[in-house]
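Chemist: Input file: structure.txt. Contents: compact mmCIF, C-alpha atoms.
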```txt
# COMPACT_ATOMS: atom_id res chain seq x y z
CA MET A 407 87.67 112.68 99.09
CA SER A 408 87.73 110.27 102.02
CA ARG A 409 86.09 111.53 105.21
CA PRO A 410 87.66 110.93 108.63
CA HIS A 411 85.82 108.25 110.59
CA VAL A 412 84.26 109.38 113.86
CA ARG A 413 84.42 106.48 116.28
CA ALA A 414 81.07 105.04 117.40
CA ARG A 415 79.03 107.56 115.40
CA GLY A 416 76.68 107.07 112.46
CA VAL A 417 77.90 109.93 110.28
CA ALA A 418 81.26 111.59 109.75
CA THR A 419 80.21 115.16 108.95
CA ASN A 420 78.44 118.03 110.62
CA ALA A 421 77.11 120.06 107.71
CA ALA A 422 75.00 123.05 108.64
CA GLY A 423 71.22 122.69 108.69
CA ARG A 424 69.15 124.26 105.95
CA PHE A 425 68.41 127.33 108.09
CA GLU A 426 72.04 128.07 108.91
CA GLN A 427 74.31 130.32 106.89
CA PHE A 428 77.62 128.89 108.07
CA GLU A 429 78.86 125.32 108.31
CA THR A 430 80.32 123.79 111.46
CA VAL A 431 83.90 122.72 110.67
CA THR A 432 86.31 120.68 112.80
CA CYS A 433 89.80 122.19 112.55
CA THR A 434 93.10 120.96 113.98
CA ASP A 435 96.54 122.56 114.20
CA GLY A 436 98.27 119.45 112.91
CA TRP A 437 99.57 118.13 116.24
CA GLU A 438 96.88 115.54 116.95
CA LEU A 439 97.45 111.99 115.82
CA GLU A 440 94.31 110.28 114.51
CA GLU A 441 94.80 107.20 116.67
CA ASP A 442 94.90 109.38 119.79
CA LEU A 443 91.62 111.18 119.14
CA LEU A 444 88.93 110.34 121.67
CA PRO A 445 85.36 109.47 120.58
CA LEU A 446 83.09 112.48 120.21
CA ARG A 447 81.32 112.90 123.55
CA THR A 448 77.57 113.27 123.97
CA GLU A 449 76.31 116.58 125.26
CA VAL A 450 72.85 116.76 126.86
CA ARG A 451 71.01 120.03 127.33
CA THR A 452 67.64 120.54 128.95
CA GLU A 453 64.53 122.19 127.61
CA VAL A 454 61.54 123.32 129.64
CA ALA A 455 58.59 121.90 127.72
CA ARG A 456 55.50 124.10 127.51
CA SER A 457 53.48 121.37 125.83
CA LEU A 458 54.19 117.71 125.14
CA ILE A 459 51.46 116.15 123.01
CA THR A 460 52.00 116.88 119.32
CA TYR A 461 49.05 116.41 116.95
CA ASN A 462 49.23 115.47 113.26
CA ARG A 463 46.81 114.97 110.38
CA SER A 464 48.99 112.72 108.25
CA PRO A 465 47.01 110.11 106.29
CA ASP A 466 50.15 107.92 106.32
CA LEU A 467 50.13 107.49 110.11
CA PRO A 468 47.81 105.31 112.22
CA PHE A 469 47.83 107.83 115.10
CA ASP A 470 46.99 111.50 115.43
CA ARG A 471 49.15 112.38 118.45
CA SER A 472 52.60 111.62 119.83
CA ILE A 473 55.07 112.55 122.56
CA ASN A 474 58.86 112.69 122.43
CA PRO A 475 60.88 113.11 125.66
CA TYR A 476 64.09 113.80 123.71
CA ARG A 477 65.29 115.76 120.68
CA GLY A 478 68.14 114.10 118.81
CA CYS A 479 69.11 110.46 119.29
CA GLU A 480 72.36 108.93 120.48
CA HIS A 481 71.71 105.68 118.60
CA GLY A 482 73.17 107.52 115.60
CA CYS A 483 71.31 105.61 112.87
CA VAL A 484 72.69 107.14 109.69
CA TYR A 485 69.37 106.77 107.83
CA CYS A 486 67.16 108.35 110.52
CA PHE A 487 64.37 110.39 108.91
CA ALA A 488 64.22 112.59 112.05
CA ARG A 489 67.68 114.09 111.51
CA PRO A 490 66.34 117.18 109.66
CA SER A 491 64.34 118.16 112.76
CA HIS A 492 67.60 119.20 114.45
CA ALA A 493 67.93 122.03 111.93
CA TYR A 494 64.96 123.74 113.61
CA LEU A 495 67.14 124.04 116.73
CA GLY A 496 69.99 125.68 114.84
CA LEU A 497 71.96 122.43 114.99
CA SER A 498 73.30 120.11 112.32
CA PRO A 499 71.32 117.04 111.24
CA GLY A 500 74.73 115.35 111.06
CA LEU A 501 76.89 114.74 114.12
CA ASP A 502 74.95 117.28 116.21
CA PHE A 503 71.83 115.12 115.93
CA GLU A 504 73.53 112.23 117.69
CA THR A 505 75.88 114.13 120.03
CA ARG A 506 74.03 117.32 121.06
CA LEU A 507 70.81 116.05 122.59
CA ILE A 508 67.91 117.89 124.19
CA ALA A 509 66.11 116.36 127.18
CA ARG A 510 62.77 117.54 128.52
CA PRO A 511 62.88 116.77 132.25
CA ASN A 512 59.44 118.26 132.99
CA ALA A 513 57.77 116.13 130.31
CA ALA A 514 55.81 113.96 132.73
CA ALA A 515 54.45 116.95 134.65
CA VAL A 516 53.34 118.64 131.42
CA LEU A 517 51.77 115.40 130.18
CA ARG A 518 49.82 115.02 133.43
CA LYS A 519 48.52 118.57 133.06
CA GLU A 520 47.46 118.04 129.44
CA LEU A 521 45.66 114.78 130.20
CA SER A 522 43.90 116.40 133.17
CA SER A 523 42.29 119.07 131.00
CA PRO A 524 38.51 118.59 130.75
CA ARG A 525 38.86 119.40 127.03
CA TYR A 526 41.20 116.47 126.40
CA LYS A 527 39.69 113.63 124.31
CA VAL A 528 41.43 110.30 124.67
CA ALA A 529 43.05 108.41 121.76
CA THR A 530 46.21 106.30 121.54
CA ILE A 531 49.40 108.30 122.03
CA ALA A 532 52.46 107.23 120.05
CA LEU A 533 55.78 107.35 121.91
CA GLY A 534 59.09 107.39 120.06
CA THR A 535 57.86 108.31 116.59
CA ASN A 536 60.58 110.93 116.04
CA THR A 537 63.49 109.97 118.31
CA ASP A 538 63.95 106.84 120.39
CA PRO A 539 62.51 107.09 123.94
CA TYR A 540 64.89 104.35 125.08
CA GLN A 541 68.16 105.77 123.75
CA PRO A 542 71.14 105.49 126.14
CA ILE A 543 70.57 108.76 128.06
CA GLU A 544 67.19 107.46 129.27
CA ARG A 545 69.07 105.06 131.54
CA ASP A 546 69.98 107.93 133.84
CA LEU A 547 67.34 110.57 133.08
CA ARG A 548 64.30 108.23 133.26
CA ILE A 549 62.00 110.74 131.54
CA THR A 550 60.32 108.06 129.43
CA ARG A 551 59.59 105.98 132.53
CA GLU A 552 58.07 109.00 134.27
CA CYS A 553 55.79 109.59 131.26
CA LEU A 554 54.78 105.92 131.25
CA SER A 555 53.86 106.18 134.92
CA VAL A 556 51.55 109.10 134.13
CA LEU A 557 49.89 107.19 131.30
CA ARG A 558 49.38 104.19 133.59
CA ASP A 559 47.79 106.42 136.24
CA PHE A 560 45.32 107.76 133.66
CA ARG A 561 44.84 104.29 132.11
CA HIS A 562 45.68 105.85 128.76
CA PRO A 563 46.47 103.77 125.63
CA ILE A 564 50.04 104.03 124.33
CA GLY A 565 51.95 102.68 121.33
CA ILE A 566 55.75 102.58 121.65
CA VAL A 567 58.36 102.40 118.88
CA THR A 568 61.97 101.68 119.83
CA LYS A 569 65.22 99.88 119.12
CA GLY A 570 66.29 100.16 122.73
CA ALA A 571 66.62 97.08 124.93
CA LEU A 572 66.29 99.45 127.90
CA ILE A 573 62.53 99.06 127.47
CA GLU A 574 62.89 95.85 129.50
CA ARG A 575 63.49 98.01 132.59
CA ASP A 576 59.89 99.20 132.41
CA LEU A 577 58.28 95.78 132.14
CA ASP A 578 56.56 96.30 135.50
CA ILE A 579 54.54 99.19 134.06
CA LEU A 580 54.14 97.75 130.57
CA ALA A 581 52.93 94.33 131.74
CA GLU A 582 50.33 95.97 133.97
CA MET A 583 49.06 98.14 131.10
CA ALA A 584 49.10 95.19 128.67
CA GLN A 585 46.71 93.26 130.90
CA ASP A 586 44.13 95.98 130.25
CA GLY A 587 44.82 96.27 126.52
CA LEU A 588 46.50 99.65 126.89
CA VAL A 589 49.87 99.14 125.20
CA ARG A 590 51.57 97.76 122.12
CA VAL A 591 55.29 97.92 121.29
CA GLY A 592 57.03 98.04 117.93
CA ILE A 593 60.67 96.88 117.77
CA SER A 594 62.62 98.02 114.71
CA LEU A 595 64.75 95.25 113.19
CA THR A 596 66.73 96.41 110.16
CA THR A 597 69.20 93.57 109.58
CA LEU A 598 70.42 90.35 111.16
CA ASP A 599 73.99 91.18 110.16
CA ALA A 600 75.64 92.46 113.36
CA ASP A 601 78.51 94.11 111.49
CA LEU A 602 76.21 96.01 109.14
CA SER A 603 74.00 97.02 112.05
CA ARG A 604 76.96 98.38 113.99
CA ARG A 605 78.00 100.51 111.05
CA MET A 606 74.50 101.82 110.23
CA GLU A 607 73.23 102.08 113.82
CA PRO A 608 76.41 102.40 115.91
CA ARG A 609 74.86 102.86 119.38
CA ALA A 610 71.67 100.87 118.97
CA PRO A 611 71.41 97.35 120.43
CA SER A 612 72.59 94.51 118.22
CA PRO A 613 70.02 92.51 116.21
CA ASN A 614 70.21 89.59 118.64
CA ARG A 615 69.71 91.93 121.59
CA ARG A 616 66.58 93.37 120.00
CA LEU A 617 65.23 89.88 119.41
CA ALA A 618 65.90 89.10 123.06
CA ALA A 619 63.91 92.21 124.01
CA ILE A 620 60.98 91.00 121.90
CA HIS A 621 61.16 87.67 123.71
CA ARG A 622 61.15 89.29 127.15
CA LEU A 623 58.32 91.66 126.32
CA THR A 624 56.05 89.04 124.84
CA GLY A 625 56.91 86.64 127.65
CA ALA A 626 55.54 89.26 130.06
CA GLY A 627 52.33 89.56 128.03
CA VAL A 628 53.23 92.75 126.14
CA PRO A 629 52.23 92.45 122.45
CA VAL A 630 55.04 93.30 120.03
CA ARG A 631 55.15 94.12 116.32
CA VAL A 632 58.40 93.46 114.46
CA MET A 633 59.13 96.44 112.21
CA THR A 634 61.38 95.65 109.25
CA SER A 635 62.13 99.33 108.89
CA PRO A 636 63.78 100.80 107.08
CA LEU A 637 64.23 98.26 104.33
CA VAL A 638 67.23 99.24 102.19
CA PRO A 639 67.09 98.16 98.54
CA GLY A 640 70.23 96.44 97.41
CA LEU A 641 71.57 96.19 100.98
CA THR A 642 69.05 94.63 103.38
CA ASP A 643 66.04 93.82 101.18
CA HIS A 644 67.18 90.22 100.73
CA GLU A 645 66.73 89.73 104.49
CA LEU A 646 63.01 90.60 104.56
CA GLU A 647 61.69 87.07 105.10
CA ALA A 648 64.47 86.19 107.56
CA LEU A 649 63.77 89.32 109.62
CA LEU A 650 60.07 88.52 109.82
CA GLU A 651 60.74 84.91 110.78
CA ALA A 652 63.25 85.91 113.46
CA GLY A 653 60.75 88.38 114.91
CA ARG A 654 57.99 85.76 114.89
CA ASP A 655 60.23 83.19 116.55
CA ALA A 656 61.07 85.72 119.28
CA GLY A 657 57.36 86.17 120.02
CA ALA A 658 56.11 89.02 117.82
CA ASP A 659 52.51 88.63 116.69
CA ALA A 660 52.41 91.39 114.05
CA ALA A 661 54.70 92.96 111.46
CA SER A 662 55.16 96.01 109.25
CA TRP A 663 57.65 97.41 106.75
CA ILE A 664 58.75 100.83 105.52
CA MET A 665 61.19 101.59 102.72
CA LEU A 666 64.28 103.71 103.37
CA ARG A 667 63.33 107.42 103.39
CA LEU A 668 65.85 110.18 102.58
CA PRO A 669 64.23 113.54 103.38
CA ARG A 670 66.20 116.78 103.12
CA GLU A 671 69.72 116.50 104.63
CA VAL A 672 69.44 112.73 105.15
CA THR A 673 70.10 111.95 101.49
CA THR A 674 73.55 113.59 101.58
CA LEU A 675 74.47 111.90 104.86
CA TRP A 676 73.27 108.53 103.57
CA GLN A 677 75.17 108.78 100.29
CA GLU A 678 78.35 109.77 102.16
CA TRP A 679 77.89 106.69 104.34
CA LEU A 680 77.39 104.47 101.28
CA HIS A 681 80.56 105.88 99.70
CA ASP A 682 82.56 105.16 102.86
CA HIS A 683 81.06 101.82 103.94
CA GLU A 684 79.43 100.13 100.91
CA PRO A 685 80.98 101.69 97.80
CA ALA A 686 80.37 98.62 95.64
CA ARG A 687 76.63 98.75 96.36
CA ALA A 688 76.11 102.51 96.39
CA GLU A 689 75.01 102.86 92.76
CA LYS A 690 72.53 99.97 93.02
CA VAL A 691 71.00 101.25 96.27
CA MET A 692 70.46 104.77 94.95
CA SER A 693 69.25 103.53 91.55
CA LYS A 694 66.51 101.45 93.21
CA LEU A 695 65.47 104.30 95.48
CA ARG A 696 65.21 106.74 92.56
CA GLU A 697 63.28 104.16 90.56
CA MET A 698 60.65 104.16 93.32
CA HIS A 699 60.50 107.95 93.62
CA GLY A 700 60.17 109.15 90.04
CA GLY A 701 63.90 109.72 89.57
CA ARG A 702 64.37 111.60 92.83
CA ASP A 703 66.12 110.44 95.98
CA TYR A 704 62.87 110.87 97.90
CA ASP A 705 59.22 111.64 97.18
CA PRO A 706 57.50 113.26 100.19
CA ARG A 707 53.93 112.91 98.87
CA TRP A 708 51.31 111.34 101.14
CA GLY A 709 50.74 107.72 100.19
CA HIS A 710 54.15 107.43 98.50
CA ARG A 711 56.84 108.47 100.96
CA MET A 712 56.73 105.34 103.13
CA ARG A 713 57.02 102.68 100.42
CA GLY A 714 57.54 104.26 97.03
CA GLU A 715 55.87 102.98 93.88
CA GLY A 716 56.67 100.99 90.78
CA GLU A 717 57.75 97.45 90.02
CA TYR A 718 60.36 97.07 92.73
CA ALA A 719 58.16 98.53 95.49
CA GLY A 720 55.35 96.26 94.37
CA LEU A 721 57.63 93.21 94.52
CA ILE A 722 58.64 94.01 98.11
CA ALA A 723 54.98 94.43 99.06
CA LYS A 724 54.14 91.02 97.57
CA ARG A 725 57.07 89.34 99.33
CA PHE A 726 55.99 90.88 102.63
CA ALA A 727 52.36 89.78 102.18
CA LEU A 728 53.36 86.19 101.37
CA ALA A 729 55.80 86.02 104.29
CA VAL A 730 53.42 87.32 106.96
CA LYS A 731 50.71 84.95 105.74
CA ARG A 732 53.08 81.99 105.92
CA LEU A 733 54.36 83.00 109.35
CA GLY A 734 50.95 83.82 110.81
CA LEU A 735 51.83 87.45 111.54
CA ALA A 736 49.12 90.10 111.61
CA THR A 737 49.41 93.35 109.70
CA TYR A 738 46.46 95.03 111.38
CA MET A 739 45.68 94.96 115.08
CA PRO A 740 42.48 96.13 116.79
CA PRO A 741 42.65 99.53 118.49
CA LEU A 742 43.91 99.76 122.05
CA ARG A 743 41.27 100.42 124.69
CA SER A 744 40.23 104.01 125.32
CA ASP A 745 37.19 103.28 127.49
CA LEU A 746 39.28 102.81 130.64
CA PHE A 747 40.64 106.37 130.59
CA ALA A 748 40.06 108.15 133.90
CA ARG A 749 41.58 111.24 135.45
CA PRO A 750 43.01 110.31 138.85
CA ALA A 751 42.27 112.54 141.82
CA GLN A 752 44.74 115.41 142.07
CA PRO A 753 45.93 117.26 145.16
CA GLY A 754 43.50 120.11 145.80
CA ASP A 755 40.52 118.45 144.14
CA GLN A 756 37.24 119.16 145.91
CA LEU A 757 36.53 115.43 146.25
CA ALA A 758 39.69 115.07 148.30
CA LEU A 759 37.88 116.94 151.12
CA PHE A 760 35.46 114.06 151.72
```
Let me see the structure of the file written as structure tokens.

Modeler:
Amino acid sequence: MSRPHVRARGVATNAAGRFEQFETVTCTDGWELEEDLLPLRTEVRTEVARSLITYNRSPDLPFDRSINPYRGCEHGCVYCFARPSHAYLGLSPGLDFETRLIARPNAAAVLRKELSSPRYKVATIALGTNTDPYQPIERDLRITRECLSVLRDFRHPIGIVTKGALIERDLDILAEMAQDGLVRVGISLTTLDADLSRRMEPRAPSPNRRLAAIHRLTGAGVPVRVMTSPLVPGLTDHELEALLEAGRDAGADAASWIMLRLPREVTTLWQEWLHDHEPARAEKVMSKLREMHGGRDYDPRWGHRMRGEGEYAGLIAKRFALAVKRLGLATYMPPLRSDLFARPAQPGDQLALF
């Protein structure tokens, strides 16, 4: 059955999360004409954060802590592995994830408090590992910028992952931190095909706009890694070398890749999208993914979930290794500096009396 298209959104359904008993259903009385329906509007709620820094022990990740100013992401990338996290809020990983967002306006104040604790031990914080810190609502809310200002004040190392060109707004802070070896940025580049990008990532910047952001960041002295993630077998995998070259030409000095991941509700949303947008390739895409995951849509095991295993996964790894060597792109970068970390004087400190 064909699903109605929701304008400017990544998915077309709003199936209930795995913790919900009932499904959210859109119902009409028959009077509305499809061409007159307005785009689904974004709703932003606020959450008072009690803590901000989240710690992990994943052997697959190069960091042990992260912060996320927002829950949900308006970019609407259909493949986003973070979609299932919305189910913990009693919301759907489908349309709710990209239209019912949660902002944490006190994030910077909480971050300052956590960094000021004498028990805090410094290590690089990852920003944007779950949802994009530079999604469209950041333009007005500026929570990410406030957090960056705190990190600059403490001279704390930070790694940022984003698709958002809005990061250029914060070049004043980022360039200052880059001079001291305190920041690196990863820009996700999934395809050079603007039409495909618009359908998979409806509210994210176009491929050319992301390349322009890489150019501006690196021109200001901010080191950037081009992330060919996620790589979709049978749909975008043929672009791997072109993506890496485009990122290098824009100024990136490092690169990485991750295979498409389909945890929990994402697999259903992704397969619905394939049926609607790429029906001729759907069988090939899913066949390759299952080949890499032991016959399943996704294998969540440590060491396997990011890239899969088998002949096809090995071929992609070899292609990536040859391309980065030819292009002079690094795959490992030295750690950001932690030795500059210092707690700035706070109002009420005893030293402020002298």

Chemist: What is the distance between CA of Asp703 in chain A and CA of Thr674 in chain A, in Å to one decimal?

Modeler: 9.8 Å

Chemist: Which is closer to Ile593 in chain A than all the others in A:Ile531, A:Leu495, A:Leu649, A:Ala727, using only C-alpha atoms?

Modeler: A:Leu649

Chemist: Which one is closest to Asp546 in chain A: A:Val450, A:Asp466, A:Glu582, A:Glu520? Count all atoms listed in the file.

Modeler: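 Nearest to Asp546 in chain A: A:Val450.
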
Chemist: Give me, as a PyMOL selection string, all polymer residues having an atom no more than 12 Å from range 540-542 of chain A, counting only C-alpha atoms and skipping those fewer than 6 positions away in the same chain.

Modeler: chain A and resi 448+450+474-483+504-505+507+509+533-534+548-551+554+566-576+593+607-611

Chemist: Residues as selected, C-alpha atoms, written as a CSV table (one decimal), in the coordinates of the input, can you do that?

Modeler:
```
chain,number,residue,atom,x,y,z
A,448,THR,CA,77.6,113.3,124.0
A,450,VAL,CA,72.8,116.8,126.9
A,474,ASN,CA,58.9,112.7,122.4
A,475,PRO,CA,60.9,113.1,125.7
A,476,TYR,CA,64.1,113.8,123.7
A,477,ARG,CA,65.3,115.8,120.7
A,478,GLY,CA,68.1,114.1,118.8
A,479,CYS,CA,69.1,110.5,119.3
A,480,GLU,CA,72.4,108.9,120.5
A,481,HIS,CA,71.7,105.7,118.6
A,482,GLY,CA,73.2,107.5,115.6
A,483,CYS,CA,71.3,105.6,112.9
A,504,GLU,CA,73.5,112.2,117.7
A,505,THR,CA,75.9,114.1,120.0
A,507,LEU,CA,70.8,116.0,122.6
A,509,ALA,CA,66.1,116.4,127.2
A,533,LEU,CA,55.8,107.4,121.9
A,534,GLY,CA,59.1,107.4,120.1
A,548,ARG,CA,64.3,108.2,133.3
A,549,ILE,CA,62.0,110.7,131.5
A,550,THR,CA,60.3,108.1,129.4
A,551,ARG,CA,59.6,106.0,132.5
A,554,LEU,CA,54.8,105.9,131.2
A,566,ILE,CA,55.8,102.6,121.6
A,567,VAL,CA,58.4,102.4,118.9
A,568,THR,CA,62.0,101.7,119.8
A,569,LYS,CA,65.2,99.9,119.1
A,570,GLY,CA,66.3,100.2,122.7
A,571,ALA,CA,66.6,97.1,124.9
A,572,LEU,CA,66.3,99.4,127.9
A,573,ILE,CA,62.5,99.1,127.5
A,574,GLU,CA,62.9,95.8,129.5
A,575,ARG,CA,63.5,98.0,132.6
A,576,ASP,CA,59.9,99.2,132.4
A,593,ILE,CA,60.7,96.9,117.8
A,607,GLU,CA,73.2,102.1,113.8
A,608,PRO,CA,76.4,102.4,115.9
A,609,ARG,CA,74.9,102.9,119.4
A,610,ALA,CA,71.7,100.9,119.0
A,611,PRO,CA,71.4,97.4,120.4
```

Chemist: Could you list, as a PyMOL selection string, every residue within 10 Å of Ser594 in chain A, counting all atoms listed in the file and ignoring same-chain residues fewer than 4 positions away?

Modeler: chain A and resi 567-570+613+616-617+631-636+653+661-663

Chemist: Which residue is closest to Pro499 in chain A? Choose from A:Ala729, A:Ala418, A:Leu521, A:Ala660 and count all atoms listed in the file.

Modeler: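 Of the candidates, the smallest distance to Pro499 in chain A is held by A:Ala418.
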
Chemist: Can you work out the spacing between CA of Gly565 in chain A and CA of Asp705 in chain A in Å, to one decimal?

Modeler: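 If I compute the distance from CA of Gly565 in chain A to CA of Asp705 in chain A, I get 26.8 Å.
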
Chemist: Hey, can you check how far CA of Leu742 in chain A sits from CA of Leu467 in chain A?

Modeler: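 These atoms are spaced 15.5 Å apart.
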
Chemist: Give me the residues within 8 Å of Thr624 in chain A as a ChimeraX atom specification, counting only C-alpha atoms and dropping any in the same chain fewer than 4 places off.

Modeler: /A:620,628-630,657-658

Chemist: Which residues are near Met665 in chain A? Cut-off 10 Å, only C-alpha atoms, ignore same chain within fewer than 3 positions. Put them as a PyMOL selection string.

Modeler: chain A and resi 634-639+643+668+695+698+711-714+719+722

Chemist: Which neighbours of range 485-494 of chain A fall inside 9 Å, counting only C-alpha atoms, when residues of the same chain fewer than 2 positions from it are skipped, and could you give them as number ranges by chain?

Modeler: A: 416, 422-426, 477-479, 482-483, 496-500, 502-504, 535-537, 606-607, 636, 666-673, 675-676

Chemist: Considering only C-alpha atoms, state which residue in the set A:Ala515, A:Leu746, A:Leu458, A:Ile664 is at the smallest distance from Gly709 in chain A.

Modeler: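 Answer, going by the shortest atom-to-atom distance: A:Ile664.
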
Chemist: Nearest to Asp659 in chain A: which of A:Asp559, A:His644, A:Glu678, A:Lys731 is it, counting only C-alpha atoms?

Modeler: A:Lys731

Chemist: Using all atoms listed in the file, which of A:Leu650, A:Met739, A:Ala748, A:Met692 sits nearest Val589 in chain A?

Modeler: A:Met739

Chemist: Missing atoms in range 629-655 of chain A: fill them in up to N, CA and C atoms and send the result as a PDB file, in the frame of the given file.

Modeler:
```pdb
ATOM      1  N   PRO A 629      52.230  92.769 123.884  1.00  0.00           N
ATOM      2  CA  PRO A 629      52.230  92.450 122.450  1.00  0.00           C
ATOM      3  C   PRO A 629      53.245  93.288 121.691  1.00  0.00           C
ATOM      4  N   VAL A 630      53.954  92.647 120.752  1.00  0.00           N
ATOM      5  CA  VAL A 630      55.040  93.300 120.030  1.00  0.00           C
ATOM      6  C   VAL A 630      54.874  93.094 118.523  1.00  0.00           C
ATOM      7  N   ARG A 631      55.112  94.151 117.788  1.00  0.00           N
ATOM      8  CA  ARG A 631      55.150  94.120 116.320  1.00  0.00           C
ATOM      9  C   ARG A 631      56.605  94.231 115.893  1.00  0.00           C
ATOM     10  N   VAL A 632      57.053  93.344 115.015  1.00  0.00           N
ATOM     11  CA  VAL A 632      58.400  93.460 114.460  1.00  0.00           C
ATOM     12  C   VAL A 632      58.324  94.377 113.255  1.00  0.00           C
ATOM     13  N   MET A 633      59.143  95.426 113.264  1.00  0.00           N
ATOM     14  CA  MET A 633      59.130  96.440 112.210  1.00  0.00           C
ATOM     15  C   MET A 633      60.376  96.276 111.356  1.00  0.00           C
ATOM     16  N   THR A 634      60.234  95.785 110.152  1.00  0.00           N
ATOM     17  CA  THR A 634      61.380  95.650 109.250  1.00  0.00           C
ATOM     18  C   THR A 634      61.582  96.995 108.560  1.00  0.00           C
ATOM     19  N   SER A 635      62.062  97.932 109.347  1.00  0.00           N
ATOM     20  CA  SER A 635      62.130  99.330 108.890  1.00  0.00           C
ATOM     21  C   SER A 635      63.413  99.981 109.394  1.00  0.00           C
ATOM     22  N   PRO A 636      64.088 100.727 108.497  1.00  0.00           N
ATOM     23  CA  PRO A 636      63.780 100.800 107.080  1.00  0.00           C
ATOM     24  C   PRO A 636      64.375  99.636 106.304  1.00  0.00           C
ATOM     25  N   LEU A 637      63.714  99.270 105.239  1.00  0.00           N
ATOM     26  CA  LEU A 637      64.230  98.260 104.330  1.00  0.00           C
ATOM     27  C   LEU A 637      65.073  98.981 103.279  1.00  0.00           C
ATOM     28  N   VAL A 638      66.314  98.552 103.108  1.00  0.00           N
ATOM     29  CA  VAL A 638      67.230  99.240 102.190  1.00  0.00           C
ATOM     30  C   VAL A 638      67.403  98.419 100.927  1.00  0.00           C
ATOM     31  N   PRO A 639      66.949  98.930  99.789  1.00  0.00           N
ATOM     32  CA  PRO A 639      67.090  98.160  98.540  1.00  0.00           C
ATOM     33  C   PRO A 639      68.554  97.955  98.178  1.00  0.00           C
ATOM     34  N   GLY A 640      68.871  96.741  97.807  1.00  0.00           N
ATOM     35  CA  GLY A 640      70.230  96.440  97.410  1.00  0.00           C
ATOM     36  C   GLY A 640      71.194  96.238  98.567  1.00  0.00           C
ATOM     37  N   LEU A 641      70.689  96.347  99.816  1.00  0.00           N
ATOM     38  CA  LEU A 641      71.570  96.190 100.980  1.00  0.00           C
ATOM     39  C   LEU A 641      70.949  95.266 102.026  1.00  0.00           C
ATOM     40  N   THR A 642      69.703  95.491 102.382  1.00  0.00           N
ATOM     41  CA  THR A 642      69.050  94.630 103.380  1.00  0.00           C
ATOM     42  C   THR A 642      67.770  93.989 102.872  1.00  0.00           C
ATOM     43  N   ASP A 643      67.330  94.323 101.660  1.00  0.00           N
ATOM     44  CA  ASP A 643      66.040  93.820 101.180  1.00  0.00           C
ATOM     45  C   ASP A 643      65.997  92.297 101.074  1.00  0.00           C
ATOM     46  N   HIS A 644      67.153  91.685 100.836  1.00  0.00           N
ATOM     47  CA  HIS A 644      67.180  90.220 100.730  1.00  0.00           C
ATOM     48  C   HIS A 644      66.893  89.546 102.067  1.00  0.00           C
ATOM     49  N   GLU A 645      66.951  90.295 103.167  1.00  0.00           N
ATOM     50  CA  GLU A 645      66.730  89.730 104.490  1.00  0.00           C
ATOM     51  C   GLU A 645      65.263  89.784 104.933  1.00  0.00           C
ATOM     52  N   LEU A 646      64.380  90.346 104.130  1.00  0.00           N
ATOM     53  CA  LEU A 646      63.010  90.600 104.560  1.00  0.00           C
ATOM     54  C   LEU A 646      62.360  89.381 105.225  1.00  0.00           C
ATOM     55  N   GLU A 647      62.347  88.264 104.551  1.00  0.00           N
ATOM     56  CA  GLU A 647      61.690  87.070 105.100  1.00  0.00           C
ATOM     57  C   GLU A 647      62.382  86.578 106.367  1.00  0.00           C
ATOM     58  N   ALA A 648      63.720  86.635 106.381  1.00  0.00           N
ATOM     59  CA  ALA A 648      64.470  86.190 107.560  1.00  0.00           C
ATOM     60  C   ALA A 648      64.198  87.089 108.758  1.00  0.00           C
ATOM     61  N   LEU A 649      64.077  88.387 108.532  1.00  0.00           N
ATOM     62  CA  LEU A 649      63.770  89.320 109.620  1.00  0.00           C
ATOM     63  C   LEU A 649      62.394  89.028 110.216  1.00  0.00           C
ATOM     64  N   LEU A 650      61.420  88.809 109.354  1.00  0.00           N
ATOM     65  CA  LEU A 650      60.070  88.520 109.820  1.00  0.00           C
ATOM     66  C   LEU A 650      60.023  87.200 110.599  1.00  0.00           C
ATOM     67  N   GLU A 651      60.730  86.204 110.099  1.00  0.00           N
ATOM     68  CA  GLU A 651      60.740  84.910 110.780  1.00  0.00           C
ATOM     69  C   GLU A 651      61.434  85.008 112.139  1.00  0.00           C
ATOM     70  N   ALA A 652      62.533  85.745 112.195  1.00  0.00           N
ATOM     71  CA  ALA A 652      63.250  85.910 113.460  1.00  0.00           C
ATOM     72  C   ALA A 652      62.368  86.641 114.476  1.00  0.00           C
ATOM     73  N   GLY A 653      61.651  87.665 114.018  1.00  0.00           N
ATOM     74  CA  GLY A 653      60.750  88.380 114.910  1.00  0.00           C
ATOM     75  C   GLY A 653      59.626  87.496 115.406  1.00  0.00           C
ATOM     76  N   ARG A 654      59.049  86.693 114.498  1.00  0.00           N
ATOM     77  CA  ARG A 654      57.990  85.760 114.890  1.00  0.00           C
ATOM     78  C   ARG A 654      58.496  84.736 115.896  1.00  0.00           C
ATOM     79  N   ASP A 655      59.666  84.196 115.652  1.00  0.00           N
ATOM     80  CA  ASP A 655      60.230  83.190 116.550  1.00  0.00           C
ATOM     81  C   ASP A 655      60.524  83.771 117.932  1.00  0.00           C
TER      82      ASP A 655
END
```
